[in-house]
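Novice: My file is coords29.txt. It has compact mmCIF, C-alpha atoms:
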# COMPACT_ATOMS: atom_id res chain seq x y z
CA MET O 167 13.18 -7.66 33.48
CA SER O 168 12.24 -10.15 30.83
CA THR O 169 10.04 -9.36 27.87
CA LEU O 170 7.22 -11.41 29.32
CA GLU O 171 7.32 -9.49 32.59
CA ARG O 172 7.41 -6.16 30.81
CA VAL O 173 4.45 -7.10 28.62
CA ALA O 174 2.53 -8.48 31.61
CA ALA O 175 3.13 -5.24 33.51
CA ALA O 176 1.97 -3.17 30.55
CA LEU O 177 -1.16 -5.27 30.19
CA GLY O 178 -2.13 -4.88 33.86
CA GLY O 179 -5.80 -3.98 33.99
CA VAL O 180 -6.27 -4.43 30.23
CA ALA O 181 -8.67 -7.19 29.19
CA HIS O 182 -7.00 -10.07 27.34
CA GLN O 183 -7.57 -13.79 27.19
CA SER O 184 -4.10 -15.19 27.73
CA LEU O 185 -0.43 -14.27 27.75
CA GLU O 186 2.20 -16.98 27.39
CA MET O 187 5.57 -17.69 25.83
CA ARG O 188 5.28 -19.44 22.49
CA ASP O 189 8.35 -20.22 20.36
CA GLY O 190 10.34 -17.85 22.54
CA CYS O 191 8.01 -14.96 21.92
CA PRO O 192 5.32 -13.58 24.25
CA SER O 193 1.97 -14.25 22.60
CA ILE O 194 -1.15 -12.42 23.64
CA ARG O 195 -4.53 -13.84 22.80
CA VAL O 196 -7.28 -11.24 22.82
CA SER O 197 -10.93 -11.15 21.89
CA PRO O 198 -11.71 -9.00 18.82
CA GLU O 199 -13.33 -6.17 20.79
CA ASP O 200 -10.28 -5.73 23.07
CA VAL O 201 -7.74 -5.43 20.26
CA LEU O 202 -7.40 -1.67 20.34
CA ALA O 203 -6.98 -1.47 24.14
CA VAL O 204 -4.24 -4.12 24.14
CA MET O 205 -2.46 -2.46 21.22
CA THR O 206 -2.56 0.92 22.92
CA ALA O 207 -1.02 -0.59 26.08
CA LEU O 208 1.74 -2.28 24.04
CA ARG O 209 2.50 0.91 22.18
CA GLU O 210 2.30 3.38 25.09
CA ARG O 211 3.52 1.36 28.07
CA ALA O 212 5.66 -1.52 26.72
CA GLY O 213 7.49 0.45 24.06
CA PHE O 214 6.65 -1.67 21.00
CA ASP O 215 7.18 1.07 18.45
CA THR O 216 7.36 -0.97 15.21
CA ASN O 217 4.83 -3.18 13.51
CA VAL O 218 6.42 -6.11 11.72
CA PHE O 219 3.40 -7.60 9.97
CA VAL O 220 -0.33 -7.99 10.00
CA THR O 221 -1.63 -11.20 8.55
CA ALA O 222 -4.28 -13.84 9.01
CA ILE O 223 -4.62 -17.62 9.16
CA ASP O 224 -7.61 -19.27 7.56
CA ARG O 225 -8.78 -22.27 9.59
CA TYR O 226 -11.59 -23.21 7.24
CA PRO O 227 -13.94 -24.98 7.96
CA GLU O 228 -13.35 -24.36 11.66
CA GLU O 229 -15.29 -21.60 13.33
CA PRO O 230 -14.32 -18.90 14.26
CA ARG O 231 -12.60 -19.14 10.95
CA PHE O 232 -9.82 -16.54 10.87
CA THR O 233 -6.94 -15.87 13.20
CA VAL O 234 -5.61 -12.35 12.72
CA VAL O 235 -1.99 -12.04 13.81
CA TRP O 236 0.08 -8.96 14.53
CA ALA O 237 3.79 -8.95 15.32
CA PHE O 238 5.50 -5.99 16.95
CA LEU O 239 9.12 -5.10 17.55
CA SER O 240 10.55 -2.82 20.19
CA THR O 241 13.62 -1.11 18.79
CA THR O 242 14.63 0.17 22.25
CA HIS O 243 14.42 -3.21 24.02
CA ASN O 244 15.18 -5.38 20.97
CA ASP O 245 12.39 -7.85 21.53
CA ARG O 246 9.19 -8.92 19.89
CA VAL O 247 5.61 -9.68 20.80
CA ARG O 248 2.79 -11.42 18.99
CA VAL O 249 -0.92 -10.66 19.28
CA TYR O 250 -3.64 -12.83 17.82
CA THR O 251 -7.40 -12.93 17.81
CA ARG O 252 -10.06 -15.22 16.36
CA VAL O 253 -12.78 -13.67 14.20
CA ALA O 254 -15.86 -15.27 12.69
CA GLY O 255 -15.89 -16.27 9.04
CA ALA O 256 -19.14 -14.66 7.93
CA THR O 257 -18.10 -11.03 8.45
CA PRO O 258 -14.47 -11.03 9.53
CA ARG O 259 -14.01 -7.66 11.15
CA VAL O 260 -11.40 -6.30 13.50
CA ALA O 261 -10.24 -2.87 14.62
CA SER O 262 -7.56 -1.12 12.60
CA VAL O 263 -4.38 -0.08 14.41
CA THR O 264 -3.34 2.52 11.84
CA GLY O 265 -3.96 5.19 14.49
CA LEU O 266 -1.11 3.76 16.58
CA TRP O 267 1.22 2.50 13.83
CA PRO O 268 0.50 4.37 10.57
CA GLY O 269 2.73 1.92 8.72
CA THR O 270 0.23 -0.89 9.22
CA ALA O 271 -1.97 0.70 6.56
CA TYR O 272 -0.33 -1.31 3.80
CA SER O 273 -0.20 -4.54 5.80
CA GLU O 274 -3.87 -4.26 6.61
CA ARG O 275 -4.70 -3.53 3.01
CA GLU O 276 -2.79 -6.62 1.94
CA CYS O 277 -4.56 -8.69 4.59
CA PHE O 278 -7.89 -7.37 3.35
CA ASP O 279 -6.89 -8.10 -0.23
CA MET O 280 -5.87 -11.68 0.44
CA PHE O 281 -8.28 -12.75 3.21
CA GLY O 282 -11.15 -10.26 3.07
CA ILE O 283 -10.76 -9.17 6.67
CA GLU O 284 -12.18 -5.70 7.21
CA PHE O 285 -10.19 -3.39 9.42
CA GLU O 286 -12.58 -0.90 10.97
CA GLY O 287 -11.24 2.64 11.05
CA HIS O 288 -8.77 2.11 8.19
CA GLN O 289 -8.73 5.07 5.81
CA GLY O 290 -8.94 3.67 2.30
CA LEU O 291 -9.23 -0.07 2.73
CA LYS O 292 -9.08 -1.23 -0.87
CA ARG O 293 -7.36 -3.79 -3.09
CA LEU O 294 -3.58 -3.65 -3.00
CA LEU O 295 -2.25 -6.45 -5.23
CA MET O 296 -5.33 -7.81 -6.96
CA PRO O 297 -7.27 -5.78 -9.57
CA LYS O 298 -9.80 -3.26 -8.35
CA ASP O 299 -12.96 -5.17 -9.31
CA TYR O 300 -11.73 -8.60 -8.24
CA ASP O 301 -14.41 -10.60 -6.45
CA HIS O 302 -12.48 -13.19 -4.48
CA PHE O 303 -9.88 -13.43 -1.73
CA PRO O 304 -7.07 -15.63 -3.01
CA LEU O 305 -5.47 -16.81 0.23
CA ARG O 306 -8.68 -18.21 1.66
CA LYS O 307 -8.68 -21.97 1.91
CA ASP O 308 -11.85 -22.36 -0.17
CA PHE O 309 -10.31 -20.46 -3.10
CA PRO O 310 -9.05 -22.83 -5.84
CA HIS O 311 -5.43 -22.17 -6.68
CA GLN O 312 -6.21 -21.84 -10.39
CA GLY O 313 -8.75 -19.19 -9.54
CA ILE O 314 -12.38 -18.66 -10.44
CA GLU O 315 -12.57 -17.28 -13.99
CA PRO O 316 -9.17 -15.60 -13.70
CA ASP O 317 -9.57 -13.99 -17.12
CA ARG O 318 -12.95 -12.38 -16.44
CA LEU O 319 -11.68 -8.84 -15.81
CA TYR O 320 -9.33 -9.03 -18.79
CA ARG O 321 -12.15 -10.20 -21.08
CA GLN O 322 -14.35 -7.34 -19.87
CA TRP O 323 -11.57 -4.90 -20.64
CA ASP O 324 -11.00 -6.58 -24.02
CA THR O 325 -14.68 -6.27 -24.93
CA ARG O 326 -14.66 -2.57 -24.05
CA ARG O 327 -11.47 -2.12 -26.06
CA ARG O 328 -13.04 -3.71 -29.13
CA GLU O 329 -16.18 -1.60 -28.77
CA ARG O 330 -14.13 1.59 -28.46
CA SER O 331 -12.00 0.72 -31.45
CA PRO O 332 -12.86 2.34 -34.81
CA LEU O 333 -11.72 -0.92 -36.39
CA ARG O 334 -13.83 -4.02 -36.15
CA SER O 335 -12.92 -7.62 -36.53
CA GLU O 336 -14.41 -9.42 -39.51
CA SER O 337 -15.81 -12.14 -37.30
CA GLU O 338 -17.69 -9.57 -35.23
CA ALA O 339 -19.01 -7.50 -38.14
CA MET V 121 -6.20 1.40 -45.65
CA GLY V 122 -8.47 -1.57 -46.02
CA SER V 123 -8.35 -4.63 -48.14
CA LEU V 124 -7.76 -4.07 -51.84
CA LYS V 125 -9.96 -7.03 -52.65
CA PRO V 126 -11.86 -6.27 -55.87
CA ALA V 127 -15.64 -6.34 -55.75
CA ASP V 128 -16.25 -8.92 -58.45
CA GLY V 129 -13.79 -11.70 -57.94
CA HIS V 130 -10.48 -12.64 -56.51
CA ALA V 131 -7.12 -11.75 -57.88
CA SER V 132 -5.16 -14.90 -57.26
CA ASP V 133 -3.08 -14.53 -60.38
CA THR V 134 0.37 -15.14 -59.00
CA GLY V 135 2.52 -13.95 -61.83
CA PHE V 136 6.22 -13.45 -61.97
CA PHE V 137 5.97 -9.80 -60.93
CA VAL V 138 3.93 -10.56 -57.81
CA THR V 139 6.20 -13.30 -56.55
CA GLN V 140 9.26 -11.12 -57.08
CA VAL V 141 7.67 -8.28 -55.14
CA ASP V 142 6.80 -10.71 -52.37
CA TRP V 143 10.38 -11.90 -52.28
CA VAL V 144 11.77 -8.36 -52.02
CA VAL V 145 9.29 -7.33 -49.36
CA ASN V 146 9.95 -10.46 -47.31
CA TRP V 147 13.69 -10.02 -47.69
CA GLY V 148 13.39 -6.55 -46.25
CA ARG V 149 11.08 -7.58 -43.45
CA LYS V 150 12.96 -10.63 -42.26
CA ASN V 151 16.35 -9.00 -42.13
CA SER V 152 15.31 -5.96 -40.16
CA LEU V 153 13.16 -7.28 -37.35
CA TRP V 154 13.02 -4.70 -34.61
CA PRO V 155 12.22 -6.42 -31.33
CA MET V 156 9.99 -4.98 -28.68
CA PRO V 157 11.53 -6.42 -25.52
CA LEU V 158 8.66 -7.09 -23.13
CA GLY V 159 10.95 -8.33 -20.37
CA LEU V 160 8.67 -9.39 -17.55
CA SER V 161 10.96 -11.56 -15.44
CA CYS V 162 14.17 -13.61 -15.62
CA CYS V 163 13.77 -14.27 -19.37
CA GLY V 164 14.38 -10.56 -19.83
CA ILE V 165 17.98 -11.06 -18.65
CA GLU V 166 18.57 -13.74 -21.28
CA LEU V 167 17.00 -11.44 -23.84
CA MET V 168 19.46 -8.70 -22.90
CA ALA V 169 22.31 -11.20 -23.22
CA MET V 170 21.02 -12.12 -26.65
CA ILE V 171 21.03 -8.51 -27.78
CA GLY V 172 24.42 -7.84 -26.21
CA PRO V 173 27.83 -8.38 -27.85
CA LYS V 174 28.41 -11.99 -26.75
CA PHE V 175 25.50 -13.55 -28.58
CA ASP V 176 25.03 -10.56 -30.85
CA ILE V 177 21.66 -10.73 -32.49
CA ALA V 178 22.88 -7.94 -34.78
CA ARG V 179 24.28 -10.72 -36.98
CA PHE V 180 20.68 -11.42 -37.96
CA GLY V 181 19.51 -7.85 -38.18
CA ALA V 182 17.35 -7.85 -35.07
CA GLU V 183 19.49 -5.85 -32.68
CA ALA V 184 17.54 -2.58 -32.78
CA ALA V 185 15.47 -3.08 -29.64
CA ARG V 186 13.12 -0.16 -29.31
CA PHE V 187 11.21 0.62 -26.17
CA SER V 188 8.39 2.25 -28.07
CA PRO V 189 6.01 -0.29 -29.59
CA ARG V 190 5.36 2.08 -32.47
CA GLN V 191 8.84 1.44 -33.82
CA CYS V 192 8.79 -2.34 -33.47
CA ASP V 193 7.56 -5.29 -35.46
CA LEU V 194 8.64 -8.23 -33.31
CA MET V 195 7.24 -8.59 -29.83
CA VAL V 196 9.24 -10.85 -27.55
CA VAL V 197 7.15 -11.69 -24.51
CA ALA V 198 9.95 -12.66 -22.14
CA GLY V 199 8.67 -13.82 -18.81
CA THR V 200 5.64 -14.41 -16.65
CA LEU V 201 2.61 -12.50 -17.79
CA THR V 202 0.05 -11.86 -15.07
CA TRP V 203 -3.58 -11.09 -15.74
CA LYS V 204 -3.06 -7.64 -14.30
CA MET V 205 -0.27 -7.01 -16.83
CA ALA V 206 -2.25 -8.62 -19.68
CA GLU V 207 -4.10 -5.40 -20.50
CA ALA V 208 -0.81 -3.54 -20.85
CA ALA V 209 0.68 -6.31 -23.00
CA ARG V 210 -2.33 -6.31 -25.32
CA THR V 211 -2.23 -2.51 -25.57
CA ILE V 212 1.46 -2.66 -26.50
CA TYR V 213 0.67 -5.28 -29.13
CA ASP V 214 -2.11 -3.10 -30.55
CA GLN V 215 0.22 -0.11 -30.72
CA MET V 216 2.75 -1.95 -32.86
CA PRO V 217 2.32 -1.21 -36.56
CA ASP V 218 1.72 -4.01 -39.00
CA PRO V 219 3.28 -6.33 -39.98
CA LYS V 220 4.09 -7.69 -36.56
CA TRP V 221 5.14 -11.00 -35.09
CA VAL V 222 5.17 -12.39 -31.59
CA ILE V 223 7.64 -14.76 -29.95
CA ALA V 224 6.57 -16.31 -26.64
CA MET V 225 9.91 -16.73 -24.90
CA GLY V 226 10.13 -19.26 -22.09
CA VAL V 227 7.59 -21.65 -20.61
CA CYS V 228 5.83 -18.97 -18.56
CA SER V 229 4.75 -16.99 -21.57
CA SER V 230 4.19 -20.15 -23.64
CA SER V 231 1.96 -22.01 -21.21
CA GLY V 232 2.07 -20.42 -17.77
CA GLY V 233 4.95 -22.73 -16.86
CA MET V 234 5.20 -23.60 -13.21
CA TYR V 235 2.80 -20.82 -12.28
CA ASP V 236 -0.40 -22.83 -12.47
CA SER V 237 -2.05 -20.01 -10.60
CA TYR V 238 -4.98 -17.64 -10.55
CA SER V 239 -2.82 -14.61 -11.22
CA VAL V 240 -0.81 -15.80 -14.24
CA VAL V 241 -1.94 -15.96 -17.87
CA GLN V 242 -1.69 -19.62 -18.92
CA GLY V 243 0.10 -18.83 -22.16
CA VAL V 244 0.14 -15.47 -23.90
CA ASP V 245 -1.85 -17.00 -26.77
CA MET V 246 -4.83 -16.36 -24.52
CA ILE V 247 -4.48 -12.67 -25.31
CA LEU V 248 -2.30 -12.41 -28.45
CA PRO V 249 -1.69 -14.46 -31.59
CA VAL V 250 1.75 -16.05 -31.20
CA ASP V 251 4.08 -17.00 -34.05
CA LEU V 252 6.73 -18.98 -32.19
CA TYR V 253 7.08 -20.60 -28.80
CA VAL V 254 10.51 -21.02 -27.25
CA PRO V 255 10.78 -23.63 -24.46
CA GLY V 256 13.16 -23.20 -21.57
CA CYS V 257 13.17 -21.70 -18.13
CA PRO V 258 14.69 -19.39 -19.16
CA PRO V 259 15.76 -20.42 -22.68
CA ARG V 260 19.37 -19.83 -23.57
CA PRO V 261 20.02 -16.92 -25.93
CA ASP V 262 20.94 -19.49 -28.61
CA ALA V 263 17.42 -20.88 -28.43
CA VAL V 264 15.89 -17.46 -28.98
CA ILE V 265 18.28 -16.76 -31.85
CA ASP V 266 17.12 -20.06 -33.32
CA ALA V 267 13.54 -18.86 -32.92
CA ILE V 268 14.38 -15.67 -34.79
CA LEU V 269 15.94 -17.69 -37.61
CA LYS V 270 12.81 -19.84 -37.74
CA LEU V 271 10.70 -16.70 -37.80
CA GLN V 272 12.77 -15.44 -40.72
CA LYS V 273 11.96 -18.66 -42.57
CA LYS V 274 8.31 -18.16 -41.72
CA ILE V 275 8.39 -14.62 -43.06
CA GLU V 276 9.96 -15.91 -46.27
CA ARG V 277 6.87 -18.01 -46.89
CA GLU V 278 4.44 -15.13 -46.51
CA ARG V 279 2.80 -13.70 -49.60
CA PRO V 280 2.25 -10.06 -48.71
CA PHE V 281 1.47 -8.75 -52.18
CA GLN V 282 -0.83 -11.56 -53.18
CA LEU V 283 -2.72 -11.42 -49.92
CA LEU V 284 -2.96 -7.66 -50.23
CA LEU V 285 -5.16 -8.32 -53.23
CA GLU V 286 -7.04 -11.25 -51.77
CA GLY V 287 -7.70 -10.06 -48.27
CA ASP V 288 -6.18 -11.16 -45.03
CA ALA V 289 -6.76 -14.38 -43.18
CA PHE V 290 -6.80 -12.70 -39.81
CA ASP V 291 -6.01 -14.44 -36.59
CA GLU V 292 -8.93 -16.04 -34.87
CA TYR V 293 -9.70 -16.07 -31.20
CA ASP V 294 -11.25 -19.40 -30.32
CA SER V 295 -13.72 -18.79 -27.54
CA GLY V 296 -13.89 -22.50 -26.69
CA THR V 297 -10.23 -22.91 -25.86
CA LYS V 298 -9.90 -19.18 -25.07
CA ARG V 299 -6.83 -18.99 -27.27
CA PHE V 300 -5.54 -17.52 -30.48
CA LEU V 301 -4.92 -20.74 -32.34
CA ARG V 302 -2.86 -19.35 -35.19
CA ALA V 303 -0.94 -16.26 -36.03
CA PRO V 304 -2.05 -13.79 -38.70
CA ASN V 305 -0.37 -13.92 -42.08
CA HIS V 306 0.21 -10.19 -42.28
CA ALA V 307 -1.26 -9.55 -45.66
CA VAL V 308 -3.32 -6.40 -45.30
CA PRO V 309 -1.68 -3.36 -43.78
CA THR V 310 -4.44 -2.30 -41.44
CA THR V 311 -3.65 -1.10 -37.97
CA ARG V 312 -4.23 -4.57 -36.61
CA SER V 313 -3.62 -7.47 -38.86
CA HIS V 314 -6.68 -9.41 -37.78
CA GLU V 315 -9.08 -6.54 -38.22
CA VAL V 316 -10.35 -4.83 -41.33
CA LEU V 317 -11.95 -1.46 -41.72
CA PRO V 318 -15.75 -1.28 -41.67
CA PRO V 319 -17.39 -0.69 -45.07
CA ALA V 320 -16.61 2.68 -46.57
CA GLY V 321 -19.06 5.50 -45.88
CA PRO V 322 -20.93 7.37 -48.67
CA ARG V 323 -18.26 10.04 -48.93
CA GLU V 324 -15.53 7.51 -49.58
CA ARG V 325 -17.63 5.64 -52.13
CA ALA V 326 -18.23 8.79 -54.15
Translate this file's structure into structure tokens.
Specialist:
Amino acid sequence: MSTLERVAAALGGVAHQSLEMRDGCPSIRVSPEDVLAVMTALRERAGFDTNVFVTAIDRYPEEPRFTVVWAFLSTTHNDRVRVYTRVAGATPRVASVTGLWPGTAYSERECFDMFGIEFEGHQGLKRLLMPKDYDHFPLRKDFPHQGIEPDRLYRQWDTRRRERSPLRSESEA
Amino acid sequence: MGSLKPADGHASDTGFFVTQVDWVVNWGRKNSLWPMPLGLSCCGIELMAMIGPKFDIARFGAEAARFSPRQCDLMVVAGTLTWKMAEAARTIYDQMPDPKWVIAMGVCSSSGGMYDSYSVVQGVDMILPVDLYVPGCPPRPDAVIDAILKLQKKIERERPFQLLLEGDAFDEYDSGTKRFLRAPNHAVPTTRSHEVLPPAGPRERA
């Protein structure tokens, strides 16, 4: 039984848009609201027990703007599957799969950090690599690679540091 | 301690005694630089090689690398400084006692280097006053040793005793270019060389 057949059997009766081989890997296209049902079928019935990554593709200025991609690995069958969905750019929102694969918590946080995609049901979806108060999402296509005021948070911290300090600079006195 | 500048005039009388004291102080300072190795990426490896026996920075008195900033007077920023790390780097710089010098080692810390990016500080002179820039990616240990020798020459030219009387020309942050355009001259032993104490309160005046 090939991977495609096993995945197709697992997805029987579960709503999804398409299932085809792409680059030698079964790829499932789903609509955002069916994500959790498809994931549950893959986990429970097709034996995909490991999440490889969660990431997104920004297709700015196309709409729907983001493609969220998951890749899963079955350690018992030694094969992989890819799931992707298109979400709108205004409020990119998709269901979290941390209930099925707890390890996706970090991947989803990174995806949120870089693309601003909100994973509903994620416990503690906050910045992972960028500073806590950062305003922008660096891997979006409309983000300039030199950043937007990259020193803003540092300057805020520096101002607070100078105010806290018992010593004052002559130029500020 | 604040500036010892007298209230009624300036003491710029550079006599024989003052210049000799300057010479002795500078001699002591330049031959016992204690580096604070802020190894942030691959430059840190070259820095370790420089301290190690092959290149042997001990020949120039700067081998005592201390990992506490409170024991150091030479900060070597070796590697890529990110904005997230910038607060830590500035805190380490503030914790170093005066007099202190900074070497920006490698192109990343000098100018951002190839990381023309939102996450990388485009030159550590955006957050610290820098005395010497060393080009290279990473620079060879010889180049950094050369920078230390140049820094020793720079220290020789400082006038610590004279400036102790006159007041410090502190480093200036230029808000237009967002950079520290020149290094302090380390005259007044305050906690930070570019800052002076606020005016003394009534108790101190009496």
Novice: Here's a test: counting only C-alpha atoms, identify every protein, DNA and RNA residue with an atom at most 10 Å from (20.7, -10.7, -40.3) in the file's coordinate frame, and state them as a VMD selection string.
Specialist: chain V and resid 150 to 153 177 to 183 268 to 269 272
Novice: Could you jot down the atom CA of O:Met280 to atom CA of O:Ala222 separation for me, Å, one decimal place?
Specialist: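 Atom CA of O:Ala222 lies 9.0 Å from atom CA of O:Met280.
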Novice: Restricting the calculation to only C-alpha atoms: of V:Leu301, V:Cys163, V:Val138, V:Met246, which residue gets closest to V:Glu207?
Specialist: V:Met246
Novice: Atom CA of O:Gln289 to atom CA of O:Val247: how many Å, to one decimal?
Specialist: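 The value is 25.5 Å.
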Novice: Using only C-alpha atoms, which residues sit within 8 Å of stretch 268-276 of chain O once same-chain residues fewer than 6 positions away are excluded, as a VMD selection string?
Specialist: chain O and resid 217 219 to 221 262 285 288 291 to 295
Novice: Find, counting only C-alpha atoms, the residue in O:Ala203, O:Val249, O:Ile314, O:Ala237 that gets nearest to chain V.
Specialist: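 Smallest separation from chain V among the options: O:Ile314.
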Novice: Residues at most 12 Å from V:Ala263, counting only C-alpha atoms, excluding those fewer than 4 positions away in the same chain, as a list of chain:residue names?
Specialist: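 Using only C-alpha atoms, the neighbours found are V:Cys163, V:Glu166, V:Leu167, V:Met170, V:Phe175, V:Ile177, V:Ile223, V:Ala224, V:Met225, V:Gly226, V:Leu252, V:Tyr253, V:Val254, V:Pro255, V:Gly256, V:Cys257, V:Pro258, V:Pro259, V:Ala267, V:Ile268, V:Leu269, V:Lys270.
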Novice: Using Å and a single decimal, report how far atom CA of O:Pro230 sits from atom CA of O:Gly190.
Specialist: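 These two atoms are separated by 26.0 Å.
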Novice: I'd like the contact shell of V:Tyr238 - 7 Å cut-off, only C-alpha atoms, skipping same-chain residues fewer than 3 positions apart - returned as a list in words.
Specialist: His311, Gln312, Gly313 and Pro316 of chain O
Novice: Keeping C-alpha atoms for every residue in the selection just given, could you write it to a file as an mmCIF file, in the coordinates of the input?
Specialist:
data_model
loop_
_atom_site.group_PDB
_atom_site.id
_atom_site.type_symbol
_atom_site.label_atom_id
_atom_site.label_comp_id
_atom_site.auth_asym_id
_atom_site.auth_seq_id
_atom_site.Cartn_x
_atom_site.Cartn_y
_atom_site.Cartn_z
ATOM 1 C CA HIS O 311 -5.430 -22.170 -6.680
ATOM 2 C CA GLN O 312 -6.210 -21.840 -10.390
ATOM 3 C CA GLY O 313 -8.750 -19.190 -9.540
ATOM 4 C CA PRO O 316 -9.170 -15.600 -13.700
#
Novice: So which residues are close to (2.2, -11.9, 27.0), meaning at most 9 Å away in the file's coordinates with all atoms listed in the file counted, and can you show them as a list in words?
Specialist: Thr169, Leu170, Glu171, Arg172, Val173, Ala174, Leu177, Ser184, Leu185, Glu186, Met187, Cys191, Pro192, Ser193, Ile194, Arg195, Val247, Arg248 and Val249 of chain O
Novice: Please provide as number ranges by chain all residues within 7 Å of stretch 229-235 of chain V, with the sequence filter that same-chain residues fewer than 2 positions apart are discarded (counting all atoms listed in the file).
Specialist: V: 197-201, 224-227, 237, 240-244, 253
Novice: Can you pull out every residue within 8 Å of stretch 253-257 of chain O, counting all atoms listed in the file, but drop anything in the same chain fewer than 2 positions away, and send it as a PyMOL selection string?
Specialist: chain O and resi 198+229-234+251+259-260+283
Novice: Put those residues in a file: C-alpha atoms, as a compact mmCIF listing (two decimals), in the coordinates of the input.
Specialist:
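Dumped everything to again_22.txt:
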# COMPACT_ATOMS: atom_id res chain seq x y z
CA PRO O 198 -11.71 -9.00 18.82
CA GLU O 229 -15.29 -21.60 13.33
CA PRO O 230 -14.32 -18.90 14.26
CA ARG O 231 -12.60 -19.14 10.95
CA PHE O 232 -9.82 -16.54 10.87
CA THR O 233 -6.94 -15.87 13.20
CA VAL O 234 -5.61 -12.35 12.72
CA THR O 251 -7.40 -12.93 17.81
CA ARG O 259 -14.01 -7.66 11.15
CA VAL O 260 -11.40 -6.30 13.50
CA ILE O 283 -10.76 -9.17 6.67
Novice: Write out as lines of an AutoDock Vina configuration file an axis-aligned box for stretch 240-251 of chain O: all of its atoms listed in the file, 8 Å added on each side, centre and edge lengths in Å with one decimal.
Specialist:
center_x = 3.9
center_y = -6.4
center_z = 20.9
size_x = 38.6
size_y = 29.1
size_z = 22.2
